[in-house]
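The next block holds one structure in the form of structure tokens; read it before the comments.
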Amino acid sequence: MKPHVLVLQHPTIASCDLSRLARHISIPTAHLPTSIRIPVTAGFSLPDDIAQHLNEQKIDYAVLPDMKFEELGLIVSDMDSTLITIECIDEIAAGVGLKNQVAAITERSMRGELDFEQSLRERVGLLKGLQEHVLQEVYDQVLQLSPGAEYLLAECKKHDVKFMLVSGGFTFFTDRLKKRLGLDYAYANQLSSENSILNGQLNGRIIDAKAKADLLTEHRNALGLEAWQVVAVGDGANDIPMLEAAGIGIAYRAKPKAQAHADACINHHGLEAIRGWFA
């Protein structure tokens with residue numbers, strides 16, 4: 001078993017007040033500008049008052065195996081509100097004046113209050129009659145990568161860590177992101193259309209919570225990786241099975257249910273913090 005470390009991340013970690021933490025644990029004087037790695041036992045946990053003090057300073061923290069980034073073999077990421085800043089279906093729905101209605105269903109689904117497939121089909125049904133060019137407008141004008149995404153992907157390429165995008169969203173967006181960003185794999189749901197008009201249906205396999213976890217396992221096995229070499233990152237309840245299937249599950253600006261099932265939470269910083277969890 002690998003030794004464990006308490007990792008603290010902040011853009012200027014040296015300027016943070018760690019005096020309360022220092023009463024409980026020895027903090028190394030030498031560290032990186034944005035992170036500190038403190039050797040701890042595997043079962044170490046922060047007292048609640050110290051955790052709150054760190055959160056108040058916007059410090060992300062986690063107890064993780066002490067690993068180098070290049071030891072990983074695969075990162076599996078959700079798309080909406082994770083690799084990108086938006087929920088694509090909500091923005092598509094704006095094209096038919098139903099953004100608020102669809103967004104409310106999306107939010108309940110991500111909190112785990114609704115069955116994902118049922119809620120997805122309900123939301124897609126509301127898009128019936130929408131012209132496909134609206135999807136391109138969302139991609140061109142609204143979709144943005146989350147902070148730190150390009151840095152994380154560059155580090156993956158540098159260290160030969162495969163990157164898989166797996167989404168309960170739509171192939172219209174994942175396919176374009178795969179090509180644009182040079183992703184290794186991408187999976188999502190396929191919207192059905194007739195004469196370039198959405199018909200409110202989906203084609204093929206539904207990418208739900210189980211499918212996400214299954215795809216992670218399939219690619220882990222195909223790449224000959226051990227579980228500890230796989231990281232999964234997501235924000236919603238439908239990401240929980242893949243967070244648990246990964247060696248390290250990371251909740252990114254996530255709903256409480258997802259955070260409760262994650263090994264590390266990024267609440268204050270961008271996706272560059274995924275790289276920062278590792279040496």
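Here's how to read the names in the structure tokens: chain A, B, ... by the order shown, residue numbers from 1 in each chain, ligand numbers from 1 in the order shown.
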
- Item | region 12-17 of chain A surroundings by only C-alpha atoms, 12 Å radius, close-in-sequence under 5 positions cut, as a list in words |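 So, after excluding close chain neighbours, the residues are Val7, Ala22, Ile27, Pro28, Thr29, Ala30, His31, Leu32, Pro33, Thr34, Ser35, Ile36, Arg37, Ile50, His53, Leu54, Asn55, Glu56, Gln57, Lys58, Ile59, Asp60, Tyr61 and His269 of chain A.
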
Write the selection just made, keeping C-alpha atoms, as a short mmCIF file (atom, residue, chain, number, x, y, z; two decimals), in the first residue's frame?
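Once written, out.cif looks like this:
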data_model
loop_
_atom_site.label_atom_id
_atom_site.label_comp_id
_atom_site.auth_asym_id
_atom_site.auth_seq_id
_atom_site.Cartn_x
_atom_site.Cartn_y
_atom_site.Cartn_z
CA VAL A 7 -2.52 17.70 0.05
CA ALA A 22 0.21 23.19 12.50
CA ILE A 27 3.93 21.13 8.01
CA PRO A 28 6.96 20.95 5.70
CA THR A 29 8.78 24.25 5.24
CA ALA A 30 9.72 23.39 1.66
CA HIS A 31 6.79 23.09 -0.73
CA LEU A 32 5.52 24.12 -4.15
CA PRO A 33 4.03 27.62 -4.65
CA THR A 34 0.50 26.24 -5.02
CA SER A 35 0.46 23.06 -2.92
CA ILE A 36 1.78 21.38 0.20
CA ARG A 37 2.11 17.61 0.60
CA ILE A 50 -9.66 22.97 10.84
CA HIS A 53 -10.83 27.13 8.51
CA LEU A 54 -9.23 25.80 5.32
CA ASN A 55 -12.49 26.14 3.39
CA GLU A 56 -12.89 29.72 4.56
CA GLN A 57 -9.52 30.45 2.95
CA LYS A 58 -10.55 28.66 -0.27
CA ILE A 59 -8.01 25.90 0.26
CA ASP A 60 -8.85 22.57 -1.37
CA TYR A 61 -7.56 19.60 0.62
CA HIS A 269 -10.17 25.97 -7.92
#

List every residue of region 147-260 of chain A that DSSP, applied to the backbone of this structure, places in strand (DSSP E or B), and write the result as a CSV table (one decimal) with N, CA, C and O atoms, in the first residue's frame.
chain,number,residue,atom,x,y,z
A,162,LYS,N,-4.1,8.7,-20.6
A,162,LYS,CA,-5.3,8.7,-21.5
A,162,LYS,C,-6.4,9.5,-20.8
A,162,LYS,O,-6.6,9.5,-19.6
A,163,PHE,N,-7.2,10.2,-21.7
A,163,PHE,CA,-8.3,11.0,-21.2
A,163,PHE,C,-9.6,10.6,-21.9
A,163,PHE,O,-9.7,10.6,-23.1
A,164,MET,N,-10.6,10.2,-21.1
A,164,MET,CA,-11.9,9.8,-21.6
A,164,MET,C,-13.0,10.7,-21.1
A,164,MET,O,-13.1,11.0,-19.9
A,165,LEU,N,-13.8,11.3,-22.1
A,165,LEU,CA,-14.9,12.1,-21.8
A,165,LEU,C,-16.2,11.2,-21.9
A,165,LEU,O,-16.4,10.6,-22.9
A,166,VAL,N,-16.9,11.1,-20.8
A,166,VAL,CA,-18.1,10.3,-20.7
A,166,VAL,C,-19.2,11.1,-20.1
A,166,VAL,O,-19.1,11.6,-19.0
A,167,SER,N,-20.3,11.2,-20.9
A,167,SER,CA,-21.3,12.2,-20.6
A,167,SER,C,-22.7,11.8,-20.7
A,167,SER,O,-23.0,11.0,-21.7
A,168,GLY,N,-23.6,12.2,-19.8
A,168,GLY,CA,-25.0,12.0,-20.0
A,168,GLY,C,-25.6,13.0,-20.9
A,168,GLY,O,-26.8,13.1,-21.1
A,169,GLY,N,-24.7,13.9,-21.5
A,169,GLY,CA,-25.1,14.9,-22.5
A,169,GLY,C,-25.1,14.3,-23.8
A,169,GLY,O,-25.5,13.1,-24.0
A,170,PHE,N,-24.6,15.0,-24.8
A,170,PHE,CA,-24.9,14.6,-26.2
A,170,PHE,C,-23.6,14.5,-27.1
A,170,PHE,O,-22.7,15.3,-26.9
A,185,TYR,N,-10.9,9.3,-25.9
A,185,TYR,CA,-12.2,8.6,-26.0
A,185,TYR,C,-13.3,9.6,-25.6
A,185,TYR,O,-13.1,10.5,-24.8
A,186,ALA,N,-14.5,9.4,-26.2
A,186,ALA,CA,-15.6,10.2,-25.8
A,186,ALA,C,-16.9,9.4,-26.1
A,186,ALA,O,-17.1,8.8,-27.1
A,187,TYR,N,-17.8,9.5,-25.1
A,187,TYR,CA,-19.1,8.8,-25.2
A,187,TYR,C,-20.2,9.7,-24.6
A,187,TYR,O,-20.0,10.4,-23.6
A,188,ALA,N,-21.3,9.7,-25.3
A,188,ALA,CA,-22.5,10.4,-24.8
A,188,ALA,C,-23.7,9.9,-25.5
A,188,ALA,O,-23.7,8.9,-26.2
A,189,ASN,N,-24.9,10.6,-25.2
A,189,ASN,CA,-26.1,10.2,-25.8
A,189,ASN,C,-26.3,10.9,-27.1
A,189,ASN,O,-25.9,12.0,-27.4
A,190,GLN,N,-27.0,10.2,-28.0
A,190,GLN,CA,-27.2,10.7,-29.4
A,190,GLN,C,-28.6,11.2,-29.6
A,190,GLN,O,-29.6,10.4,-29.5
A,191,LEU,N,-28.8,12.5,-29.9
A,191,LEU,CA,-30.0,13.1,-30.2
A,191,LEU,C,-30.5,12.6,-31.6
A,191,LEU,O,-29.7,12.5,-32.5
A,192,SER,N,-31.8,12.3,-31.6
A,192,SER,CA,-32.4,11.9,-32.9
A,192,SER,C,-33.0,13.1,-33.6
A,192,SER,O,-33.6,14.0,-32.9
A,193,SER,N,-32.9,13.1,-34.9
A,193,SER,CA,-33.5,14.2,-35.7
A,193,SER,C,-34.0,13.7,-37.0
A,193,SER,O,-33.6,12.7,-37.5
A,194,GLU,N,-34.9,14.5,-37.6
A,194,GLU,CA,-35.4,14.3,-38.9
A,194,GLU,C,-35.4,15.6,-39.7
A,194,GLU,O,-36.0,16.6,-39.2
A,197,ILE,N,-34.2,18.6,-37.8
A,197,ILE,CA,-35.1,19.0,-36.7
A,197,ILE,C,-35.2,17.9,-35.6
A,197,ILE,O,-35.4,16.8,-35.9
A,198,LEU,N,-34.9,18.3,-34.4
A,198,LEU,CA,-34.9,17.3,-33.3
A,198,LEU,C,-36.3,16.8,-33.1
A,198,LEU,O,-37.3,17.5,-33.2
A,199,ASN,N,-36.4,15.4,-33.0
A,199,ASN,CA,-37.8,14.8,-32.8
A,199,ASN,C,-38.1,14.4,-31.4
A,199,ASN,O,-39.1,13.7,-31.2
A,200,GLY,N,-37.3,14.9,-30.5
A,200,GLY,CA,-37.6,14.6,-29.1
A,200,GLY,C,-37.2,13.2,-28.6
A,200,GLY,O,-37.6,12.8,-27.5
A,201,GLN,N,-36.4,12.5,-29.4
A,201,GLN,CA,-36.0,11.1,-29.1
A,201,GLN,C,-34.5,11.0,-29.0
A,201,GLN,O,-33.8,11.9,-29.4
A,202,LEU,N,-34.1,9.8,-28.5
A,202,LEU,CA,-32.6,9.5,-28.4
A,202,LEU,C,-32.4,8.2,-29.2
A,202,LEU,O,-33.3,7.3,-29.2
A,203,ASN,N,-31.2,8.1,-29.8
A,203,ASN,CA,-30.8,6.9,-30.5
A,203,ASN,C,-29.8,6.1,-29.7
A,203,ASN,O,-28.9,6.7,-29.1
A,230,VAL,N,-6.5,4.8,-12.1
A,230,VAL,CA,-7.6,5.4,-12.8
A,230,VAL,C,-8.2,6.5,-11.9
A,230,VAL,O,-8.5,6.3,-10.8
A,231,VAL,N,-8.4,7.7,-12.5
A,231,VAL,CA,-9.1,8.8,-11.8
A,231,VAL,C,-10.4,9.1,-12.5
A,231,VAL,O,-10.4,9.1,-13.7
A,232,ALA,N,-11.4,9.3,-11.8
A,232,ALA,CA,-12.7,9.8,-12.3
A,232,ALA,C,-13.1,11.1,-11.7
A,232,ALA,O,-12.8,11.3,-10.5
A,233,VAL,N,-13.6,12.0,-12.5
A,233,VAL,CA,-14.0,13.3,-12.0
A,233,VAL,C,-15.4,13.7,-12.5
A,233,VAL,O,-15.7,13.5,-13.7
A,234,GLY,N,-16.3,14.2,-11.6
A,234,GLY,CA,-17.6,14.6,-12.0
A,234,GLY,C,-18.3,15.4,-11.0
A,234,GLY,O,-17.7,15.7,-9.9
A,248,ILE,N,-9.3,6.7,-7.7
A,248,ILE,CA,-9.5,8.0,-7.0
A,248,ILE,C,-10.6,8.7,-7.7
A,248,ILE,O,-10.6,9.0,-8.9
A,249,GLY,N,-11.7,9.0,-6.9
A,249,GLY,CA,-12.8,9.8,-7.4
A,249,GLY,C,-12.7,11.2,-6.9
A,249,GLY,O,-12.6,11.5,-5.8
A,250,ILE,N,-12.9,12.1,-7.9
A,250,ILE,CA,-12.7,13.6,-7.6
A,250,ILE,C,-14.0,14.3,-7.9
A,250,ILE,O,-14.5,14.2,-9.0
A,251,ALA,N,-14.6,14.9,-6.9
A,251,ALA,CA,-15.8,15.7,-7.1
A,251,ALA,C,-15.4,17.1,-7.5
A,251,ALA,O,-14.8,17.8,-6.7
A,252,TYR,N,-15.9,17.6,-8.6
A,252,TYR,CA,-15.5,19.0,-9.1
A,252,TYR,C,-16.7,19.9,-8.9
A,252,TYR,O,-17.7,19.8,-9.6

- Item | Test item, alpha helix (DSSP H) assignment across region 66-252 of chain A, answer as JSON, numbers by chain | {"A": [88, 89, 90, 91, 92, 93, 99, 100, 101, 102, 103, 104, 105, 106, 107, 108, 109, 110, 116, 117, 118, 119, 120, 121, 122, 123, 124, 125, 133, 134, 135, 136, 137, 138, 139, 140, 141, 149, 150, 151, 152, 153, 154, 155, 156, 157, 158, 171, 172, 173, 174, 175, 176, 177, 178, 179, 180, 181, 209, 210, 211, 212, 213, 214, 215, 216, 217, 218, 219, 220, 221, 222, 240, 241, 242, 243, 244, 245]}

- Just the residues within 10 Å of Gly182 (chain A), please, counting only C-alpha atoms, with nothing from its chain fewer than 6 positions along; format it as a list in words.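 Counting only the stated atoms, we get Leu153, Ala154, Lys157, Phe163 and Arg176 of chain A.
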
Saved selection, atoms kept: N, CA and C atoms, as a PDB file, in the first residue's frame:
ATOM      1  N   LEU A 153      -5.250  18.787 -19.673  1.00  0.00           N
ATOM      2  CA  LEU A 153      -5.113  17.960 -20.867  1.00  0.00           C
ATOM      3  C   LEU A 153      -3.683  17.974 -21.403  1.00  0.00           C
ATOM      4  N   ALA A 154      -3.027  19.108 -21.320  1.00  0.00           N
ATOM      5  CA  ALA A 154      -1.626  19.181 -21.745  1.00  0.00           C
ATOM      6  C   ALA A 154      -0.743  18.294 -20.871  1.00  0.00           C
ATOM      7  N   LYS A 157      -1.209  14.647 -21.895  1.00  0.00           N
ATOM      8  CA  LYS A 157      -0.441  14.311 -23.100  1.00  0.00           C
ATOM      9  C   LYS A 157       1.046  14.210 -22.781  1.00  0.00           C
ATOM     10  N   PHE A 163      -7.223  10.167 -21.670  1.00  0.00           N
ATOM     11  CA  PHE A 163      -8.328  10.993 -21.175  1.00  0.00           C
ATOM     12  C   PHE A 163      -9.608  10.581 -21.873  1.00  0.00           C
ATOM     13  N   ARG A 176     -17.234  16.916 -30.954  1.00  0.00           N
ATOM     14  CA  ARG A 176     -16.504  18.125 -31.326  1.00  0.00           C
ATOM     15  C   ARG A 176     -15.374  18.414 -30.337  1.00  0.00           C
TER      16      ARG A 176
END

- Query: Pick from A:Ser45, A:Gln9, A:Gln136, A:Gln259: nearest to Ile25 (chain A), with only C-alpha atoms counted?
  - Reply: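 Closest residue, counting only C-alpha atoms: A:Ser45.
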
Hey, which bits of region 129-233 of chain A sit within 10 Å of region 110-119 of chain A, and for each residue what's the closest pair of atoms and how far apart in Å (one decimal), counting only C-alpha atoms, rows by chain and increasing number, as CSV?
residue,atom,partner,partner_atom,distance
A:Gly168,CA,A:Phe116,CA,8.6
A:Ile206,CA,A:Glu117,CA,7.4
A:Ile207,CA,A:Glu117,CA,8.4
A:Asp208,CA,A:Glu117,CA,6.5
A:Ala209,CA,A:Phe116,CA,7.8

Selected residues written out, N, CA, C and O atoms, as a short mmCIF file (atom, residue, chain, number, x, y, z; two decimals), in the first residue's frame:
data_model
loop_
_atom_site.label_atom_id
_atom_site.label_comp_id
_atom_site.auth_asym_id
_atom_site.auth_seq_id
_atom_site.Cartn_x
_atom_site.Cartn_y
_atom_site.Cartn_z
N GLY A 168 -23.56 12.18 -19.81
CA GLY A 168 -24.99 12.00 -19.97
C GLY A 168 -25.58 13.03 -20.91
O GLY A 168 -26.79 13.06 -21.13
N ILE A 206 -28.10 4.37 -23.88
CA ILE A 206 -28.21 5.51 -22.96
C ILE A 206 -26.98 5.53 -22.06
O ILE A 206 -26.64 4.53 -21.42
N ILE A 207 -26.31 6.67 -22.04
CA ILE A 207 -25.15 6.83 -21.16
C ILE A 207 -25.66 7.42 -19.85
O ILE A 207 -25.86 8.62 -19.71
N ASP A 208 -25.88 6.52 -18.89
CA ASP A 208 -26.35 6.92 -17.56
C ASP A 208 -25.27 6.60 -16.55
O ASP A 208 -24.11 6.35 -16.92
N ALA A 209 -25.62 6.60 -15.28
CA ALA A 209 -24.62 6.37 -14.24
C ALA A 209 -23.93 5.02 -14.40
O ALA A 209 -22.71 4.91 -14.29
#

- Message: Could you list, as a count of residues only, every residue within 9 Å of Ser196 (chain A), counting only C-alpha atoms and ignoring same-chain residues fewer than 4 positions away?
- Response: 4

- Message: Taking 4 positions as the minimum chain separation for residues in the same chain, which residues sit within 12 Å of Ala222 (chain A) when counting only C-alpha atoms? Answer as a PyMOL selection string.
- Response: chain A and resi 73-74+162+215-218+226

Restricting the output to N, CA, C and O atoms, write the selected residues as a compact mmCIF listing (two decimals), in the first residue's frame.
# COMPACT_ATOMS: atom_id res chain seq x y z
N GLY A 73 -2.90 6.06 -15.52
CA GLY A 73 -3.03 5.62 -16.89
C GLY A 73 -4.25 6.17 -17.59
O GLY A 73 -4.30 6.23 -18.82
N LEU A 74 -5.26 6.60 -16.80
CA LEU A 74 -6.52 7.04 -17.39
C LEU A 74 -7.24 8.00 -16.47
O LEU A 74 -7.36 7.76 -15.26
N LYS A 162 -4.13 8.69 -20.56
CA LYS A 162 -5.28 8.73 -21.46
C LYS A 162 -6.42 9.53 -20.81
O LYS A 162 -6.57 9.54 -19.59
N LEU A 215 -18.11 1.88 -18.72
CA LEU A 215 -17.11 2.32 -19.70
C LEU A 215 -15.75 2.52 -19.04
O LEU A 215 -14.71 2.21 -19.63
N LEU A 216 -15.75 3.05 -17.83
CA LEU A 216 -14.49 3.19 -17.09
C LEU A 216 -13.83 1.83 -16.92
O LEU A 216 -12.63 1.68 -17.19
N THR A 217 -14.61 0.84 -16.47
CA THR A 217 -14.05 -0.50 -16.24
C THR A 217 -13.57 -1.12 -17.55
O THR A 217 -12.49 -1.74 -17.59
N GLU A 218 -14.36 -0.97 -18.62
CA GLU A 218 -13.97 -1.53 -19.92
C GLU A 218 -12.63 -0.97 -20.39
O GLU A 218 -11.75 -1.72 -20.85
N GLU A 226 -4.38 -1.08 -13.33
CA GLU A 226 -4.93 -1.41 -12.02
C GLU A 226 -5.92 -0.31 -11.63
O GLU A 226 -5.85 0.82 -12.15

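Using only C-alpha atoms, the residues found no farther than 8 Å from Val142 (chain A), other than those of its own chain fewer than 4 positions away, are Ile86, Glu91, Glu137 and Val138 of chain A.
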
Atoms kept (N, CA, C and O atoms) for selection, written as a tab-separated table (two decimals), in the first residue's frame:
chain	number	residue	atom	x	y	z
A	86	ILE	N	-20.99	24.68	-18.68
A	86	ILE	CA	-22.44	24.73	-18.83
A	86	ILE	C	-23.06	23.34	-18.77
A	86	ILE	O	-22.36	22.32	-18.86
A	91	GLU	N	-28.91	24.91	-22.12
A	91	GLU	CA	-28.66	25.99	-23.09
A	91	GLU	C	-29.38	25.71	-24.40
A	91	GLU	O	-29.85	26.64	-25.07
A	137	GLU	N	-24.97	26.70	-32.43
A	137	GLU	CA	-24.89	28.02	-31.81
A	137	GLU	C	-24.47	27.90	-30.34
A	137	GLU	O	-23.68	28.72	-29.85
A	138	VAL	N	-25.00	26.89	-29.64
A	138	VAL	CA	-24.60	26.68	-28.25
A	138	VAL	C	-23.11	26.35	-28.19
A	138	VAL	O	-22.37	26.89	-27.36

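Between Asp184 (chain A) and the residues A:Lys257, A:His4, A:Arg108, A:His219, the shortest atom-to-atom distance, using only C-alpha atoms, involves A:His219.
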
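For the pair CA of Val134 (chain A) and CA of Leu98 (chain A), the separation is 13.4 Å.
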
- Item | Of the listed residues A:Cys156, A:Val161, A:Leu225, A:Ile89, that which approaches Phe173 (chain A) most closely, counting only C-alpha atoms |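 Using only C-alpha atoms, Phe173 (chain A) sits closest to A:Ile89.
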